[in-house]
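Structure first, then comments.
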Amino acid sequence: MRKIALNVNDEEYSVEAKPHHSLLHVLREQLGLTGAKEGCGEGHCGACTVLLDGRPVNSCLLLAVEAEGARVTTIEGLAEGGRLHPIQEAFINQGAVQCGYCTPGMILSAKALLDEIPDPGEKEIREAISGNLCRCTGYVKIVEAIRAAGKALAATRGA
Amino acid sequence: MALSIVGKRAIRLEAPEKVTGSAAFVADLKLPGLLVGKVLRSPHPHARILNIDTSRARALAGVKTVVTFTDTPGIKYNAAAHPAPGSVLLRDQYLLADTARYVGDPVAAVAAVDEDTAAEALDLIRVDYQPLPFVLEAEAAMAPGAPLLHDSGRNIVGRVEFTLGDVEDGFREADHIFEHRYRTSKVFPCSVEPPGVTMARADWSGRLTVWSSTQMPHQIRRIVAGALGVPQGKVRVIKPYVGGGFGSRLGAVNEPLCALLAMRTQKPVRLAYSIEETFLGTESRHPIDLTLRTGVKADGTLTARRLDAILNAGAYATHSVSFASPVGNWFRGMYKCPNYRYEGIAVYTNTSPSGAFRGYGNPQVNFAVESQMDEIAEHLGLDPLTLREKNHPCMGDIWERTKWPIESCGLEEALSLGAAEIGWREKRGKSRDGGKGRAGGGSSSGTGDASSTGNAVRGGDAFRHRGVGMAYMLHCSCGRPALHELSTAMVKMNEDGSANLLYAGADSGQGSLTVMAQIVAETVGIPLEQVQIDPVTDTDLTGFEVGSHASRQIYAGGNAVRRAALAARHEIVALAADIVGAAPGDLEIADGVIRSTSDEQKQVTVAEICREALFGSRRRQIIGMVSEEPEGNPPVYAAQFAEVEVDTRTGAVEVLKLVAAHDVGVAINPANVEGQIEGALQQGLGYALTEEVVHQPATGRPGASNLGEYKVLTAKDMPEIKVIIVEAASRTGPYGAKGVGESGLVPTAAAIGNAIYDAVGVHLDSLPFTPSRVLAALKGEAGAKGAVITVKK
Ligand code: FES
Ligand code: FES
């Protein structure tokens with residue numbers, strides 16, 4: 001066991017973790033943040049996606065100790081002051097959510113994209129979520145949702 | 001009255017819980033003292049288990065129990081969830097194997113304080129195996145002298161025959177007879193939440209609670225009770241949020257085993273299978289060998305159809321005894337023909353058990369039948385659309401699957417809308433006829449350079465050829481009459497005029513919950529926001545419900561829900577009639593207000609009536625309750641069209657566009673219907689192009705056991721998709737709805753295969769269409785096309 005300090009969703013945590021434990025394991029089992037899901041545990045599905053200093057990572061492959069000193073954002077950190085993030089709103093409104101198991105990871109990958117490219121094209125969107133598998137939607141409404149969210153965000157930025 | 005909520009793109013009720021990560025799936029649940037379960041699996045495809053030494057594992061600190069075959073109740077069970085008595089559930093499996101019958105067969109299980117300890121305990125278990133001869137292919141397993149998997153004396157686990165008329169007469173009448181052999185692959189549902197995640201707790205008062213990521217809560221209750229030999233009433237199954245089903249959770253995955261660990265420890269236990277275990281030991285779609293012989297007149301009239309199917313059941317029966325029936329049913333239901341004969345044989349092999357995966361036999365049958373239809377059309381010089389229009393069973397015809405008259409048919413509209421969307425008339429046949437003939441092709445084999453005769457399509461690239469193809473399908477709205485399709489629903493009216501729907505629905509992501517709420521709101525006449533339904537299903541709190549299979553949820557479950565809502569509405573109307581002094585037939589309800597159609601002054605709110613019932617003169621709550629089966633099983637139709645580009649140097653197939661025109665009856669929630677079809681297309685495309693597990697001949701191990709080796713398509717891999725909804729309302733479905741859950745992937749592989757033919761002139765007979773299979777076919781290599789006999793009389 002080793003003590004590690006984590007910054008998750010702007011909160012400081014100090015946890016005891018085994019050196020081989022993944023960030024996903026610590027988030028889910030120790031911090032009770034179960035929004036990041038385990039699909040494969042091997043870096044293939046993206047259900048465990050979180051943001052590390054704003055960039056999407058597969059938290060199942062990242063050791064918890066490797067996240068020390070970085071800012072970790074999980075799906076639980078997206079809604080602010082009781083209000084959903086525009087990407088979350090768009091996923092709901094466009095019917096982009098089916099079983100919801102891929103959804104937290106998808107939304108975080110989308111956030112990383114939109115933070116970098118505010119109004120991405122379809123190709124960029126598909127590229128950005130290509131590490132996130134969805135078995136329910138065929139990605140059609142997910143792509144539409146991300147595009148709609150980009151437009152909504154651009155509108156608020158422009159305002 | 002016009003419908004105000006049915007037909008709307010209602011936002012999913014539970015979506016906010018999902019986008020915030022708040023929706024709890026089984027693995028997100030925690031109980032104090034929760035133990036972690038793990039399973040030890042056989043590395044051999046077939047082996048006698050001579051001895052299992054668990055002493056070191058038991059001695060490890062933190063290990064709470066270690067179980068092997070001798071610790072199980074010794075009861076044989078069947079993991080499939082079919083509601084008997086409609087089907088035969090052969091019991092041939094123990095919770096832990098007595099003899100290992102496939103690589104991955106569970107032989108021992110542990111429960112320990114944490115993951116690491118459980119994993120360490122598995123390492124400490126010593127199993128002495130005596131390897132036995134094994135067999136992986138169904139045909140080989142049927143041969144005399146093949147290694148036997150069970151003590152039944154043969155590997156044939158089920159055989160089904162259907163006949164109508166006399167096929168031999170029919171073949172004699174035919175102008176042409178076509179015979180082909182098709183092979184389909186072993187593919188996995190691959191829900192992103194892997195199947196096989198369970199939590200169980202045996203409490204001190206003797207109850208066993210199982211939290212299961214299932215599609216069939218009430219079936220799981222029965223299976224768990226049976227496998228463990230405990231009274232069914234002692235078992236309670238709770239289904240929280242589920243991360244996609246597609247058939248993978250149609251039977252028990254590991255619920256009984258997890259429950260056994262919980263009973264042994266008297267502690268809560270979580271057993272979650274890894275992705276590797278998903279590929280090793282959970283159910284797949286049956287690989288089927290299909291020999292198809294069709295007799296046809298020169299004008300395209302079918303005179304005889306014959307299918308001989310050999311199904312690879314894997315090591316345990318699960319669904320397979322009766323699985324040969326739907327395979328035959330899809331076959332005989334597809335086309336009108338006075339003579340048919342079907343024989344399906346399911347065979348044990350030393351591979352992981354096959355079971356349910358979206359489509360339930362139809363994707364396999366459809367691939368064969370629709371690939372052959374394309375060849376027949378080509379041979380007769382008919383437009384493939386014309387051949388379907390001529391021969392499909394239509395409204396009023398008897399559907400051979402059910403032997404009932406067809407309630408509605410939207411196929412012709414689907415064909416014409418789909419054809420227009422893909423550009424059928426402009427594109428079909430152009431790659432072949434517009435140029436100097438076919439690119440490559442088995443018939444002109446031997447050139448070695450298949451591309452040289454082709455018609456260049458893209459940017460002058462002589463090696464890339466485009467084509468369009470189509471396939472049609474028929475699917476079901478439930479499993480009647482073969483299967484039992486009971487649903488129970490209760491609509492409870494509260495004193496504020498809101499309703500609770502108590503219904504053991506098994507929404508695993510398809511959105512059926514929201515649709516049920518729409519049905520209640522529409523039927524009672526209250527706003528959608530006033531209907532509550534818990535996404536968590538609990539067998540203690542709801543009436544019997546078959547579950548989510550056979551595309552039945554909206555058709556069969558929705559029927560019970562609508563009828564329960566109607567019963568509540570009748571009570572509301574009767575009381576309102578008394579109160580406002582009107583005839584019940586004179587009252588209408590909309591948006592929570594009851595109005596007389598003849599006198600505007602006479603109105604009262606649903607809330608007032610519900611309050612009056614509870615606290616006023618009646619002193620009883622208005623509750624509508626119904627437990628019944630739906631009346632029919634209307635077929636759903638679809639026509640799918642694909643445009644592809646084939647690279648004749650590499651054999652790579654790129655699908656450019658998929659058009660899916662589906663007759664779904666009435667779409668109660670069009671966004672959900674599109675979502676079902678769009679998602680299914682991703683699976684159908686994977687079936688066509690990339691997904692396959694082949695068990696290795698030397699070791700019996702599956703050739704893919706993770707999502708790196710097994711290629712599930714990403715957002716980048718998907719073509720343009722166009723879904724077209726056609727609404728031919730059913731007579732018996734709620735608001736005219738029919739099924740939609742499975743149909744989206746049924747004809748996809750054949751449509752793509754037929755587009756490949758249009759592009760490069762070869763028909764492929766095996767799934768998936770990998771570059772090497774395409775190349776082999778282009779080179780006309782023996783075996784690439786299987787046995788093809790086209791007898792022209
Ligand atoms: S769980 Fe991390 S990539 Fe699949
Ligand atoms: S919504 Fe189910 S996996 Fe994406």
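As shown in the structure tokens, the chain order sets the letters A, B, ...; within each chain, residues go from 1, and ligands are also counted from 1 in the order they appear.
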
Practice item. Compute the set of chain A residues within 7 Å of chain B, using only C-alpha atoms, and express it as a VMD selection string. Key: chain A and resid 34 to 35 39 to 40 44 75 to 76 88 92 to 93 95 97 to 104 126 to 127 129 to 130 133 to 140

Practice item. With a distance cut-off of 9 Å and only C-alpha atoms, select the neighbouring residues of B:Gln603, excluding the residue or stretch itself and same-chain residues fewer than 5 positions from it, and output the selection as number ranges by chain. Key: B: 576, 580, 587, 593-596

Please dump the current selection as a PDB file, in the first residue's frame; keep C-alpha atoms.
ATOM      1  CA  ALA B 576     -65.892  11.048 -13.492  1.00  0.00           C
ATOM      2  CA  VAL B 580     -69.993  15.463 -13.553  1.00  0.00           C
ATOM      3  CA  LEU B 587     -66.082  11.707 -21.772  1.00  0.00           C
ATOM      4  CA  VAL B 593     -58.411  16.796 -17.819  1.00  0.00           C
ATOM      5  CA  ILE B 594     -61.651  14.881 -18.366  1.00  0.00           C
ATOM      6  CA  ARG B 595     -64.180  16.686 -20.550  1.00  0.00           C
ATOM      7  CA  SER B 596     -67.610  15.962 -21.844  1.00  0.00           C
TER       8      SER B 596
END

Practice item. Enumerate as a list in words all residues of stretch 76-163 of chain B assigned to strand (DSSP E) by DSSP on the backbone, naming them with the chain letters and numbers the document uses. Key: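 The strand (DSSP E) residues within stretch 76-163 of chain B come out as Thr99, Ala100, Pro106, Val107, Ala108, Ala109, Val110, Ala111, Ala112, Arg126, Val127, Asp128, Tyr129, Gln130, Pro131, Ile156, Val157, Gly158, Arg159, Val160, Glu161, Phe162 and Thr163 of chain B.
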
Given only C-alpha atoms and all ligand atoms, how would the per-residue table for chain A near ligand 1 read, listing every residue at most 8 Å away with its closest atom pair and distance in Å to one decimal, sorted by chain and number, as a Markdown table?
| residue | atom | partner | partner_atom_place_in_ligand_line | distance |
| --- | --- | --- | --- | --- |
| A:Leu24 | CA | ligand 1 | 2 (Fe) | 7.9 |
| A:Lys37 | CA | ligand 1 | 1 (S) | 6.5 |
| A:Glu38 | CA | ligand 1 | 1 (S) | 4.0 |
| A:Gly39 | CA | ligand 1 | 1 (S) | 4.2 |
| A:Cys40 | CA | ligand 1 | 4 (Fe) | 3.8 |
| A:Gly41 | CA | ligand 1 | 1 (S) | 3.8 |
| A:Glu42 | CA | ligand 1 | 3 (S) | 5.3 |
| A:Gly43 | CA | ligand 1 | 3 (S) | 3.3 |
| A:His44 | CA | ligand 1 | 3 (S) | 4.4 |
| A:Cys45 | CA | ligand 1 | 4 (Fe) | 3.8 |
| A:Gly46 | CA | ligand 1 | 3 (S) | 4.0 |
| A:Ala47 | CA | ligand 1 | 1 (S) | 5.2 |
| A:Cys48 | CA | ligand 1 | 2 (Fe) | 4.5 |
| A:Thr49 | CA | ligand 1 | 2 (Fe) | 6.7 |
| A:Asn58 | CA | ligand 1 | 2 (Fe) | 4.9 |
| A:Ser59 | CA | ligand 1 | 2 (Fe) | 5.9 |
| A:Cys60 | CA | ligand 1 | 2 (Fe) | 4.2 |
| A:Leu61 | CA | ligand 1 | 2 (Fe) | 6.4 |
| A:Gly131 | CA | ligand 1 | 3 (S) | 7.9 |
| A:Asn132 | CA | ligand 1 | 3 (S) | 7.8 |

Could you take the residues named above and write them with all heavy atoms, as a CSV table (one decimal), in the first residue's frame?
chain,number,residue,atom,x,y,z
A,24,LEU,N,-8.6,3.7,-12.6
A,24,LEU,CA,-10.0,3.3,-12.6
A,24,LEU,C,-10.4,2.6,-11.3
A,24,LEU,O,-11.5,2.9,-10.7
A,24,LEU,CB,-10.3,2.4,-13.8
A,24,LEU,CG,-11.7,1.9,-13.9
A,24,LEU,CD1,-12.7,3.0,-14.2
A,24,LEU,CD2,-11.8,0.8,-15.0
A,37,LYS,N,-16.6,3.6,-16.2
A,37,LYS,CA,-17.0,2.2,-16.2
A,37,LYS,C,-15.9,1.3,-16.7
A,37,LYS,O,-15.0,1.7,-17.4
A,37,LYS,CB,-18.2,2.0,-17.2
A,37,LYS,CG,-19.4,2.8,-17.0
A,37,LYS,CD,-20.0,2.5,-15.6
A,37,LYS,CE,-21.2,3.5,-15.4
A,37,LYS,NZ,-21.5,3.5,-13.9
A,38,GLU,N,-15.9,0.0,-16.3
A,38,GLU,CA,-15.0,-0.9,-16.8
A,38,GLU,C,-15.7,-1.7,-17.9
A,38,GLU,O,-16.7,-2.4,-17.6
A,38,GLU,CB,-14.4,-1.8,-15.7
A,38,GLU,CG,-13.4,-2.8,-16.3
A,38,GLU,CD,-12.5,-3.5,-15.3
A,38,GLU,OE1,-12.2,-2.9,-14.3
A,38,GLU,OE2,-12.1,-4.6,-15.6
A,39,GLY,N,-15.1,-1.7,-19.1
A,39,GLY,CA,-15.7,-2.5,-20.2
A,39,GLY,C,-14.8,-3.6,-20.4
A,39,GLY,O,-15.2,-4.8,-20.4
A,40,CYS,N,-13.5,-3.3,-20.7
A,40,CYS,CA,-12.6,-4.4,-21.0
A,40,CYS,C,-11.4,-4.4,-20.1
A,40,CYS,O,-10.7,-5.5,-20.0
A,40,CYS,CB,-12.1,-4.2,-22.5
A,40,CYS,SG,-11.1,-2.7,-22.7
A,41,GLY,N,-11.0,-3.3,-19.5
A,41,GLY,CA,-9.9,-3.3,-18.6
A,41,GLY,C,-8.6,-3.4,-19.3
A,41,GLY,O,-7.5,-3.7,-18.7
A,42,GLU,N,-8.6,-3.3,-20.7
A,42,GLU,CA,-7.4,-3.5,-21.5
A,42,GLU,C,-7.1,-2.4,-22.5
A,42,GLU,O,-6.3,-2.6,-23.4
A,42,GLU,CB,-7.6,-4.8,-22.3
A,42,GLU,CG,-7.7,-6.0,-21.4
A,42,GLU,CD,-8.0,-7.3,-22.2
A,42,GLU,OE1,-8.4,-7.2,-23.3
A,42,GLU,OE2,-7.6,-8.4,-21.6
A,43,GLY,N,-7.8,-1.3,-22.3
A,43,GLY,CA,-7.5,-0.2,-23.2
A,43,GLY,C,-8.2,-0.3,-24.6
A,43,GLY,O,-7.9,0.5,-25.5
A,44,HIS,N,-9.2,-1.1,-24.8
A,44,HIS,CA,-9.8,-1.3,-26.1
A,44,HIS,C,-11.2,-0.6,-26.2
A,44,HIS,O,-11.7,-0.4,-27.3
A,44,HIS,CB,-10.0,-2.7,-26.4
A,44,HIS,CG,-8.7,-3.4,-26.7
A,44,HIS,ND1,-8.3,-4.6,-26.0
A,44,HIS,CD2,-7.7,-3.1,-27.5
A,44,HIS,CE1,-7.1,-5.0,-26.5
A,44,HIS,NE2,-6.7,-4.1,-27.3
A,45,CYS,N,-11.9,-0.3,-25.1
A,45,CYS,CA,-13.3,0.1,-25.2
A,45,CYS,C,-13.5,1.6,-24.9
A,45,CYS,O,-14.5,2.1,-25.3
A,45,CYS,CB,-14.2,-0.8,-24.4
A,45,CYS,SG,-14.1,-0.5,-22.7
A,46,GLY,N,-12.7,2.2,-24.0
A,46,GLY,CA,-12.9,3.6,-23.7
A,46,GLY,C,-14.0,3.9,-22.7
A,46,GLY,O,-14.3,5.0,-22.4
A,47,ALA,N,-14.6,2.8,-22.1
A,47,ALA,CA,-15.7,3.1,-21.2
A,47,ALA,C,-15.2,3.7,-19.9
A,47,ALA,O,-15.9,4.3,-19.1
A,47,ALA,CB,-16.4,1.7,-20.8
A,48,CYS,N,-13.9,3.5,-19.7
A,48,CYS,CA,-13.2,4.0,-18.5
A,48,CYS,C,-12.6,5.4,-18.7
A,48,CYS,O,-11.8,5.9,-17.8
A,48,CYS,CB,-12.1,3.1,-18.1
A,48,CYS,SG,-10.8,3.0,-19.3
A,49,THR,N,-12.9,6.1,-19.8
A,49,THR,CA,-12.2,7.3,-20.2
A,49,THR,C,-12.4,8.4,-19.1
A,49,THR,O,-13.6,8.6,-18.6
A,49,THR,CB,-12.8,7.9,-21.5
A,49,THR,OG1,-12.6,6.9,-22.5
A,49,THR,CG2,-12.1,9.2,-21.9
A,58,ASN,N,-7.4,6.3,-21.0
A,58,ASN,CA,-8.1,5.1,-20.5
A,58,ASN,C,-7.7,4.8,-19.1
A,58,ASN,O,-6.5,4.4,-18.8
A,58,ASN,CB,-7.8,3.9,-21.4
A,58,ASN,CG,-8.4,4.0,-22.7
A,58,ASN,OD1,-9.6,4.5,-22.8
A,58,ASN,ND2,-7.8,3.5,-23.7
A,59,SER,N,-8.5,5.1,-18.1
A,59,SER,CA,-8.1,5.0,-16.7
A,59,SER,C,-7.9,3.6,-16.3
A,59,SER,O,-7.3,3.4,-15.2
A,59,SER,CB,-9.1,5.7,-15.8
A,59,SER,OG,-10.3,5.0,-15.8
A,60,CYS,N,-8.3,2.6,-17.1
A,60,CYS,CA,-8.0,1.2,-16.7
A,60,CYS,C,-6.5,0.9,-16.9
A,60,CYS,O,-6.0,0.0,-16.3
A,60,CYS,CB,-8.9,0.3,-17.5
A,60,CYS,SG,-8.5,0.2,-19.2
A,61,LEU,N,-5.9,1.6,-17.8
A,61,LEU,CA,-4.5,1.4,-18.1
A,61,LEU,C,-3.5,2.2,-17.4
A,61,LEU,O,-2.3,1.9,-17.2
A,61,LEU,CB,-4.2,1.6,-19.6
A,61,LEU,CG,-4.8,0.6,-20.6
A,61,LEU,CD1,-4.4,0.8,-22.0
A,61,LEU,CD2,-4.5,-0.9,-20.2
A,131,GLY,N,-11.8,5.9,-29.9
A,131,GLY,CA,-11.4,5.0,-28.9
A,131,GLY,C,-12.5,4.6,-27.9
A,131,GLY,O,-12.3,3.9,-26.9
A,132,ASN,N,-13.7,5.1,-28.2
A,132,ASN,CA,-14.8,4.7,-27.3
A,132,ASN,C,-15.8,3.9,-28.1
A,132,ASN,O,-16.5,4.3,-29.0
A,132,ASN,CB,-15.6,6.0,-26.9
A,132,ASN,CG,-14.7,6.9,-26.1
A,132,ASN,OD1,-13.9,7.7,-26.6
A,132,ASN,ND2,-14.8,6.8,-24.8

Revision key, fill the gap. Residue with the minimum atom-to-atom distance to B:Ile238, picked from B:Ser352, B:Gln215, B:Thr291, B:Ser284 with only C-alpha atoms counted, is B:Gln215

**Study point:** Long-range neighbours of B:Val664 as a PyMOL selection string, 7 Å cut-off, only C-alpha atoms, 4 positions minimum in chain
**Key:** chain B and resi 636+726-727+737-740

Writing out the chosen residues with N, CA and C atoms as a compact mmCIF listing (two decimals), in the first residue's frame:
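Final output, saved to selection_5.txt:
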# COMPACT_ATOMS: atom_id res chain seq x y z
N VAL B 636 -42.43 -8.26 -38.92
CA VAL B 636 -41.93 -6.95 -39.35
C VAL B 636 -41.08 -7.17 -40.60
N VAL B 726 -41.06 2.87 -42.01
CA VAL B 726 -42.32 2.65 -42.71
C VAL B 726 -43.33 2.17 -41.68
N GLU B 727 -44.50 2.72 -41.70
CA GLU B 727 -45.48 2.36 -40.67
C GLU B 727 -46.69 1.66 -41.24
N ALA B 737 -48.13 -0.96 -32.98
CA ALA B 737 -46.69 -1.24 -32.99
C ALA B 737 -46.41 -2.70 -33.32
N LYS B 738 -45.23 -2.92 -33.89
CA LYS B 738 -44.70 -4.27 -34.07
C LYS B 738 -43.29 -4.26 -33.45
N GLY B 739 -42.58 -5.37 -33.55
CA GLY B 739 -41.24 -5.45 -32.95
C GLY B 739 -40.21 -4.70 -33.76
N VAL B 740 -39.10 -4.32 -33.10
CA VAL B 740 -38.02 -3.67 -33.86
C VAL B 740 -36.64 -4.04 -33.32

Review point. What residues in chain A get the DSSP label helix (DSSP H, G or I)? Please answer as a VMD selection string.
Key: chain A and resid 23 to 30 64 to 67 75 to 77 86 to 93 103 to 116 122 to 128 140 to 158
